[in-house]
>>> print(open('my_file_9.txt').read())   # compact mmCIF, C-alpha atoms and all ligand atoms
# COMPACT_ATOMS: atom_id res chain seq x y z
CA MET N 1039 105.96 0.00 9.33
CA LYS N 1040 105.11 -1.15 12.86
CA ARG N 1041 105.66 -4.74 14.01
CA GLU N 1042 102.51 -6.62 14.94
CA VAL N 1043 102.17 -8.06 18.44
CA VAL N 1044 99.49 -9.92 20.35
CA ILE N 1045 99.42 -9.73 24.14
CA PHE N 1046 98.88 -12.81 26.30
CA GLY N 1047 96.58 -11.66 29.11
CA ALA N 1048 93.62 -9.33 29.29
CA GLY N 1049 93.94 -7.95 32.79
CA LYS N 1050 95.62 -4.92 34.31
CA THR N 1051 99.14 -6.12 33.53
CA ALA N 1052 98.12 -6.57 29.89
CA ASP N 1053 96.51 -3.12 29.79
CA HIS N 1054 99.65 -1.60 31.29
CA ALA N 1055 101.87 -3.31 28.70
CA ARG N 1056 99.55 -2.33 25.87
CA PHE N 1057 99.72 1.32 26.93
CA TYR N 1058 103.51 1.29 26.75
CA LEU N 1059 103.54 -0.50 23.40
CA ASP N 1060 100.98 1.92 21.93
CA HIS N 1061 102.77 5.04 23.07
CA ASP N 1062 106.44 4.14 23.10
CA SER N 1063 107.41 1.22 20.89
CA PRO N 1064 107.84 0.00 17.32
CA TYR N 1065 104.90 -2.39 17.91
CA GLU N 1066 101.24 -2.24 16.98
CA VAL N 1067 99.09 -4.28 19.38
CA ARG N 1068 96.62 -6.31 17.27
CA GLY N 1069 94.79 -8.22 19.99
CA PHE N 1070 94.82 -10.17 23.23
CA THR N 1071 94.88 -13.88 23.93
CA VAL N 1072 93.91 -15.89 27.02
CA ASP N 1073 93.40 -19.58 27.74
CA ARG N 1074 90.02 -20.73 26.46
CA ALA N 1075 88.88 -21.46 30.02
CA PHE N 1076 89.22 -17.72 30.76
CA LEU N 1077 87.74 -16.47 27.50
CA ASP N 1078 84.64 -14.55 28.65
CA ARG N 1079 84.42 -11.82 25.95
CA GLU N 1080 85.16 -11.32 22.28
CA THR N 1081 86.89 -7.97 22.63
CA HIS N 1082 88.94 -6.15 25.23
CA ALA N 1083 89.78 -2.46 25.09
CA GLY N 1084 88.64 -2.31 21.47
CA LEU N 1085 90.70 -5.27 20.23
CA PRO N 1086 89.81 -8.94 19.67
CA VAL N 1087 90.44 -11.52 22.40
CA VAL N 1088 91.26 -14.95 20.99
CA ALA N 1089 91.67 -18.34 22.71
CA PHE N 1090 95.37 -19.13 23.10
CA GLU N 1091 94.71 -22.67 21.91
CA ASP N 1092 93.76 -21.30 18.44
CA ILE N 1093 95.84 -18.14 18.36
CA GLU N 1094 97.89 -19.14 15.31
CA ARG N 1095 94.76 -19.03 13.12
CA THR N 1096 94.06 -15.35 13.81
CA PHE N 1097 97.55 -14.05 14.51
CA PRO N 1098 100.06 -16.44 12.89
CA PRO N 1099 103.61 -16.36 14.28
CA SER N 1100 104.88 -15.69 10.76
CA ARG N 1101 103.26 -12.25 10.99
CA CYS N 1102 102.84 -11.47 14.65
CA GLU N 1103 105.02 -11.49 17.76
CA MET N 1104 103.71 -12.08 21.28
CA LEU N 1105 104.24 -10.45 24.67
CA VAL N 1106 103.24 -12.52 27.70
CA ALA N 1107 101.95 -9.86 30.08
CA ILE N 1108 101.02 -11.60 33.28
CA SER N 1109 102.48 -10.65 36.63
CA TYR N 1110 104.41 -12.65 39.23
CA VAL N 1111 101.79 -15.26 40.19
CA ARG N 1112 103.41 -18.43 41.58
CA VAL N 1113 106.72 -16.56 41.77
CA ASN N 1114 106.70 -16.00 38.01
CA ALA N 1115 106.05 -19.66 37.14
CA ALA N 1116 102.71 -18.83 35.47
CA ARG N 1117 104.41 -16.32 33.17
CA ALA N 1118 107.27 -18.75 32.48
CA GLU N 1119 104.83 -21.49 31.45
CA LYS N 1120 103.04 -19.24 28.96
CA TYR N 1121 106.40 -17.94 27.70
CA ALA N 1122 107.46 -21.52 26.94
CA GLN N 1123 104.11 -22.37 25.31
CA ALA N 1124 104.22 -19.27 23.10
CA LYS N 1125 107.75 -20.17 21.99
CA ALA N 1126 106.67 -23.75 21.29
CA LYS N 1127 103.96 -22.36 18.99
CA GLY N 1128 106.69 -20.52 17.07
CA TYR N 1129 106.16 -16.99 18.34
CA ALA N 1130 108.97 -14.51 18.72
CA LEU N 1131 108.56 -12.84 22.11
CA ALA N 1132 108.68 -9.05 22.18
CA THR N 1133 110.82 -7.08 24.62
CA TYR N 1134 109.91 -3.53 25.60
CA VAL N 1135 112.46 -1.15 27.12
CA SER N 1136 110.94 2.22 28.02
CA SER N 1137 112.45 5.15 26.16
CA ARG N 1138 112.42 6.77 29.61
CA ALA N 1139 114.64 4.13 31.16
CA THR N 1140 118.38 4.71 31.32
CA THR N 1141 120.37 2.01 29.57
CA TRP N 1142 123.77 1.92 27.88
CA PRO N 1143 125.17 0.50 24.65
CA GLY N 1144 125.83 -3.21 24.74
CA LEU N 1145 123.00 -4.07 27.12
CA LEU N 1146 122.34 -7.82 27.01
CA ILE N 1147 118.64 -8.46 27.46
CA GLY N 1148 116.48 -11.45 26.57
CA ASP N 1149 113.00 -11.72 25.08
CA ASN N 1150 109.65 -11.08 26.76
CA CYS N 1151 111.12 -8.45 29.06
CA VAL N 1152 109.31 -5.28 30.15
CA ILE N 1153 111.51 -2.50 31.49
CA HIS N 1154 109.45 0.35 32.90
CA GLU N 1155 110.10 4.08 32.90
CA GLY N 1156 112.75 5.50 35.18
CA CYS N 1157 114.75 2.27 35.52
CA ILE N 1158 118.49 2.61 35.54
CA ILE N 1159 120.37 -0.35 34.15
CA GLN N 1160 124.08 0.32 34.49
CA PRO N 1161 126.79 -0.75 32.02
CA PHE N 1162 127.76 -4.45 32.04
CA ALA N 1163 124.49 -5.52 33.67
CA GLU N 1164 122.76 -8.48 31.99
CA ILE N 1165 119.05 -9.18 31.96
CA GLY N 1166 117.77 -12.65 31.05
CA SER N 1167 114.49 -13.55 29.36
CA ASN N 1168 110.97 -13.03 30.67
CA VAL N 1169 112.03 -10.42 33.22
CA THR N 1170 109.92 -7.48 34.36
CA ILE N 1171 111.58 -4.49 36.02
CA GLY N 1172 109.28 -1.88 37.59
CA SER N 1173 109.63 1.87 37.41
CA GLY N 1174 112.58 3.49 39.08
CA ALA N 1175 114.42 0.26 39.88
CA VAL N 1176 118.22 0.35 39.72
CA ILE N 1177 120.24 -2.57 38.38
CA GLY N 1178 123.90 -2.05 39.19
CA HIS N 1179 126.90 -2.65 36.97
CA HIS N 1180 127.98 -6.26 36.35
CA THR N 1181 124.79 -7.53 37.93
CA ILE N 1182 123.03 -10.48 36.32
CA ILE N 1183 119.27 -10.91 36.52
CA LYS N 1184 118.47 -14.40 35.28
CA ASP N 1185 115.30 -15.60 33.52
CA HIS N 1186 111.72 -15.31 34.83
CA CYS N 1187 112.37 -12.68 37.52
CA PHE N 1188 110.21 -9.76 38.64
CA ILE N 1189 111.97 -6.74 40.12
CA SER N 1190 109.44 -4.29 41.55
CA GLY N 1191 109.52 -0.54 41.26
CA GLY N 1192 112.07 1.34 43.31
CA ALA N 1193 114.16 -1.72 44.15
CA THR N 1194 117.92 -1.31 44.16
CA VAL N 1195 120.01 -4.27 43.09
CA SER N 1196 123.60 -3.13 43.67
CA GLY N 1197 126.56 -3.98 41.48
CA ASN N 1198 128.04 -7.46 40.99
CA VAL N 1199 124.91 -9.21 42.22
CA THR N 1200 123.48 -12.40 40.72
CA VAL N 1201 119.72 -12.82 40.93
CA GLU N 1202 118.98 -16.41 40.02
CA SER N 1203 115.87 -17.44 38.05
CA TYR N 1204 112.31 -17.19 39.35
CA CYS N 1205 112.95 -14.49 41.95
CA PHE N 1206 110.59 -11.74 43.08
CA ILE N 1207 112.09 -8.59 44.58
CA GLY N 1208 109.55 -6.29 46.25
CA ALA N 1209 109.08 -2.56 45.94
CA GLY N 1210 111.93 -0.51 47.35
CA ALA N 1211 113.98 -3.52 48.48
CA THR N 1212 117.75 -3.12 48.52
CA ILE N 1213 120.21 -5.87 47.65
CA ARG N 1214 123.81 -5.18 48.66
CA ASP N 1215 126.65 -5.65 46.22
CA LYS N 1216 128.46 -8.92 45.42
CA ILE N 1217 125.84 -11.33 46.74
CA THR N 1218 123.60 -13.97 45.15
CA ILE N 1219 119.85 -14.12 45.49
CA ALA N 1220 119.14 -17.82 45.13
CA ARG N 1221 116.62 -19.29 42.72
CA GLY N 1222 112.97 -18.82 43.60
CA CYS N 1223 113.43 -16.26 46.40
CA VAL N 1224 110.83 -13.70 47.41
CA ILE N 1225 112.26 -10.51 48.86
CA GLY N 1226 109.58 -8.40 50.59
CA ALA N 1227 108.93 -4.74 49.99
CA GLY N 1228 111.52 -2.53 51.62
CA ALA N 1229 113.77 -5.40 52.77
CA LEU N 1230 117.53 -4.90 52.99
CA VAL N 1231 119.41 -8.06 51.97
CA MET N 1232 123.05 -8.14 53.09
CA GLU N 1233 124.09 -11.72 52.36
CA ASP N 1234 123.45 -14.65 50.02
CA THR N 1235 119.95 -16.06 50.36
CA ARG N 1236 118.75 -19.66 50.44
CA GLU N 1237 116.79 -21.20 47.56
CA LYS N 1238 113.07 -20.37 47.65
CA GLY N 1239 113.65 -18.27 50.78
CA VAL N 1240 111.18 -15.54 51.76
CA TYR N 1241 112.75 -12.43 53.31
CA LYS N 1242 110.95 -9.49 54.81
CA GLY N 1243 112.10 -6.16 56.09
CA GLN N 1244 111.06 -4.05 59.05
CA ALA N 1245 107.53 -2.74 58.58
CA ALA N 1246 106.65 0.83 59.67
CA MET N 1247 105.17 1.04 63.16
CA PRO N 1248 102.25 3.37 63.98
CA LEU N 1249 103.01 6.02 66.61
CA PRO N 1250 100.43 6.31 69.37
CA ARG N 1251 99.15 9.70 68.16
CA SER N 1252 97.13 11.13 65.27
CA SER N 1253 98.41 13.44 62.55
CA ASP N 1254 96.41 16.29 64.19
CA GLU N 1255 98.85 16.13 67.09
CA LEU N 1256 102.02 16.68 65.05
CA ARG N 1257 103.81 20.01 65.51
CA ALA N 1258 105.91 20.25 62.32
CA ILE N 1259 103.52 18.90 59.67
C1 LIG S 1301 107.14 -10.36 52.28
C2 LIG S 1301 105.84 -10.73 51.61
C3 LIG S 1301 106.10 -11.44 50.30
C4 LIG S 1301 105.13 -11.67 52.56
O1 LIG S 1301 103.90 -11.98 52.05
P1 LIG S 1301 102.87 -12.88 52.88
O2 LIG S 1301 103.38 -14.25 53.01
O3 LIG S 1301 101.56 -12.73 52.21
O4 LIG S 1301 102.94 -12.31 54.32
P2 LIG S 1301 101.88 -11.55 55.19
O5 LIG S 1301 101.33 -10.36 54.49
O6 LIG S 1301 100.93 -12.55 55.72
O7 LIG S 1301 102.80 -11.01 56.36
C5 LIG S 1301 103.49 -11.86 57.26
C6 LIG S 1301 104.12 -11.02 58.34
O8 LIG S 1301 105.23 -10.28 57.79
C7 LIG S 1301 104.99 -8.88 57.88
N1 LIG S 1301 105.41 -8.31 56.61
C8 LIG S 1301 104.93 -8.65 55.41
N2 LIG S 1301 105.57 -7.96 54.45
C9 LIG S 1301 106.45 -7.19 55.06
C10 LIG S 1301 107.38 -6.26 54.58
N3 LIG S 1301 107.53 -6.01 53.27
N4 LIG S 1301 108.16 -5.63 55.49
C11 LIG S 1301 108.03 -5.92 56.79
N5 LIG S 1301 107.16 -6.79 57.30
C12 LIG S 1301 106.37 -7.41 56.44
C13 LIG S 1301 103.50 -8.73 58.11
O9 LIG S 1301 103.21 -7.55 58.83
C14 LIG S 1301 103.21 -9.97 58.92
O10 LIG S 1301 103.63 -9.77 60.24
P3 LIG S 1301 102.87 -10.50 61.49
O11 LIG S 1301 103.08 -11.97 61.26
O12 LIG S 1301 103.59 -9.96 62.65
O13 LIG S 1301 101.44 -10.09 61.37
C15 LIG S 1301 104.94 -9.52 51.24
O14 LIG S 1301 104.38 -8.93 52.36
C16 LIG S 1301 105.64 -8.45 50.44
O15 LIG S 1301 106.44 -7.63 50.92
N6 LIG S 1301 105.34 -8.46 49.15
C17 LIG S 1301 105.91 -7.56 48.20
C18 LIG S 1301 104.89 -6.50 47.80
C19 LIG S 1301 105.46 -5.65 46.71
O16 LIG S 1301 106.59 -5.19 46.75
N7 LIG S 1301 104.67 -5.47 45.67
C20 LIG S 1301 105.11 -4.74 44.51
C21 LIG S 1301 104.50 -5.36 43.30
S1 LIG S 1301 104.77 -4.39 41.88
>>> encode(input="my_file_9.txt", output="structure tokens")
Amino acid sequence: MKREVVIFGAGKTADHARFYLDHDSPYEVRGFTVDRAFLDRETHAGLPVVAFEDIERTFPPSRCEMLVAISYVRVNAARAEKYAQAKAKGYALATYVSSRATTWPGLLIGDNCVIHEGCIIQPFAEIGSNVTIGSGAVIGHHTIIKDHCFISGGATVSGNVTVESYCFIGAGATIRDKITIARGCVIGAGALVMEDTREKGVYKGQAAMPLPRSSDELRAI
């Protein structure tokens, strides 16, 4: 018997989450919910869309769990707000860990997390609540990712790191071992972070530079 779940959101992040839940989880997605102000259709992808304000009437928390599937807007604050509101309404929040991710026994992970395919979460790592980790990201041993973080695909968070709450780590970024990423930081795609960061800091790496020639002029490719 599958567990029933309703998804908060009806955009691409919600569609992405629904795909995973449909194909690789013990959950059956029963519908979507959005704030009434954003309710512009009755169905989405073949399922009902219900105003969040009235969600308990259609999908009561006694029967249905919820997954808040919105991205990292306002450095994850938007997702955190809906996470808190869903909990206040009495919903249990679903966590999805891809069957194609590598995890180990004893993993501590909170609710409303989405762990995509190809992630490696090493032993003794801890993941808080309301955390998304994109495909292929590596979370090293004894590293702690606190609540409301978004770790993009391909990022490497080395061992013994603490990522405080409300951080965003961009695609392919690398965080060296034994440092702390302070609360509310944004680490840009491809950045290499070698020391502790400051709260709400924004860090960027070195962007690729165009060579003054076209690909027609290359000898080896
Ligand atoms: C770092 C980042 C957050 C900055 O965002 P922003 O404030 O909108 O900054 P802008 O795009 O205006 O760029 C500001 C400057 O930094 C540079 N820059 C931006 N991101 C960069 C990056 N990742 N690496 C190197 N340089 C970068 C820009 O070229 C620009 O340089 P300029 O001032 O010389 O023109 C953003 O560019 C980024 O990397 N986001 C992460 C994207 C990502 O990983 N998405 C995955 C989602 S799943």
>>> residues_around(input="my_file_9.txt", residues="stretch 1196-1202 of chain N", least_positions_apart="3", cutoff="6 Å", atoms="all atoms listed in the file", output="ChimeraX atom specification")
/N:1178-1184,1213-1221
>>> closest_atom_pairs(input="my_file_9.txt", of="chain N", to="ligand LIG 1301 (chain S)", cutoff="12 Å", atoms="all atoms listed in the file", output="CSV")
residue,atom,partner,partner_atom,distance
N:Lys1050,CA,S:LIG1301,S1,11.9
N:Thr1051,CA,S:LIG1301,S1,10.2
N:Ile1108,CA,S:LIG1301,S1,11.8
N:Ser1109,CA,S:LIG1301,S1,8.5
N:Tyr1110,CA,S:LIG1301,C21,8.3
N:Val1111,CA,S:LIG1301,C21,10.7
N:Arg1112,CA,S:LIG1301,C3,11.5
N:Val1113,CA,S:LIG1301,C3,10.0
N:His1154,CA,S:LIG1301,S1,11.2
N:Thr1170,CA,S:LIG1301,S1,9.6
N:Ile1171,CA,S:LIG1301,S1,9.0
N:Gly1172,CA,S:LIG1301,S1,6.7
N:Ser1173,CA,S:LIG1301,S1,9.1
N:Gly1174,CA,S:LIG1301,S1,11.4
N:Ala1175,CA,S:LIG1301,S1,10.9
N:Phe1188,CA,S:LIG1301,S1,8.3
N:Ile1189,CA,S:LIG1301,S1,7.8
N:Ser1190,CA,S:LIG1301,S1,4.7
N:Gly1191,CA,S:LIG1301,S1,6.1
N:Gly1192,CA,S:LIG1301,O16,9.2
N:Ala1193,CA,S:LIG1301,O16,8.7
N:Cys1205,CA,S:LIG1301,C3,11.2
N:Phe1206,CA,S:LIG1301,C17,8.1
N:Ile1207,CA,S:LIG1301,O16,6.8
N:Gly1208,CA,S:LIG1301,O16,3.2
N:Ala1209,CA,S:LIG1301,O16,3.7
N:Gly1210,CA,S:LIG1301,O16,7.1
N:Ala1211,CA,S:LIG1301,O16,7.8
N:Thr1212,CA,S:LIG1301,O16,11.5
N:Cys1223,CA,S:LIG1301,C3,9.6
N:Val1224,CA,S:LIG1301,C3,6.0
N:Ile1225,CA,S:LIG1301,C1,6.2
N:Gly1226,CA,S:LIG1301,O15,3.2
N:Ala1227,CA,S:LIG1301,N3,3.8
N:Gly1228,CA,S:LIG1301,N3,5.5
N:Ala1229,CA,S:LIG1301,N4,6.2
N:Leu1230,CA,S:LIG1301,N4,9.7
N:Lys1238,CA,S:LIG1301,C3,11.6
N:Gly1239,CA,S:LIG1301,C3,10.2
N:Val1240,CA,S:LIG1301,C1,6.6
N:Tyr1241,CA,S:LIG1301,C1,6.1
N:Lys1242,CA,S:LIG1301,C1,4.7
N:Gly1243,CA,S:LIG1301,N4,4.0
N:Gln1244,CA,S:LIG1301,C11,4.2
N:Ala1245,CA,S:LIG1301,C11,3.7
N:Ala1246,CA,S:LIG1301,C11,7.5
N:Met1247,CA,S:LIG1301,O9,9.8
>>> residues_around(input="my_file_9.txt", residues="N:Ala1122", least_positions_apart="4", cutoff="12 Å", atoms="all atoms listed in the file", output="list of chain:residue names")
N:Met1104, N:Leu1105, N:Val1106, N:Ala1115, N:Ala1116, N:Arg1117, N:Ala1118, N:Ala1126, N:Lys1127, N:Gly1128, N:Tyr1129, N:Ala1130, N:Leu1131, N:Asp1149, N:Asn1150, N:Ser1167, N:Asn1168, N:Asp1185, N:His1186
>>> residues_around(input="my_file_9.txt", residues="stretch 1080-1092 of chain N", least_positions_apart="4", cutoff="9 Å", atoms="all atoms listed in the file", output="count of residues only")
15
>>> residues_around(input="my_file_9.txt", residues="N:Gln1160", least_positions_apart="2", cutoff="7 Å", atoms="all atoms listed in the file", output="NGL selection string")
:N and (1141-1142 or 1158 or 1162-1163 or 1177-1179)
>>> closest_residue(input="my_file_9.txt", among="N:Asp1234, N:Arg1251, N:His1054, N:Asp1060", to="N:Val1152", atoms="only C-alpha atoms")
N:His1054
>>> atom_distance(input="my_file_9.txt", atom1="atom CA of N:Pro1064", atom2="atom CA of N:Lys1040")
5.4 Å
>>> residues_around(input="my_file_9.txt", residues="N:Glu1155", least_positions_apart="4", cutoff="6 Å", atoms="only C-alpha atoms", output="list of chain:residue names")
N:Ser1136, N:Arg1138, N:Ala1139, N:Ser1173
>>> closest_residue(input="my_file_9.txt", among="N:Cys1102, N:Val1195, N:Met1232, N:Ile1093", to="N:Gln1123", atoms="only C-alpha atoms")
N:Ile1093
>>> atom_distance(input="my_file_9.txt", atom1="atom CA of N:Ser1063", atom2="atom CA of N:Glu1119")
25.2 Å
>>> atom_distance(input="my_file_9.txt", atom1="atom CA of N:Arg1236", atom2="atom CA of N:Lys1120")
26.6 Å
>>> closest_residue(input="my_file_9.txt", among="N:Leu1077, N:Ala1132, N:Asn1114, N:Thr1140", to="N:Val1043", atoms="only C-alpha atoms")
N:Ala1132
>>> closest_residue(input="my_file_9.txt", among="N:Ile1045, N:Val1176, N:Val1169, N:Ala1052", to="N:Glu1066", atoms="all atoms listed in the file")
N:Ile1045
>>> axis_aligned_box(input="my_file_9.txt", around="stretch 1172-1179 of chain N", padding_each_side="6 Å", output="AutoDock Vina command-line options")
--center_x 118.1 --center_y 0.4 --center_z 38.4 --size_x 29.6 --size_y 18.1 --size_z 14.9
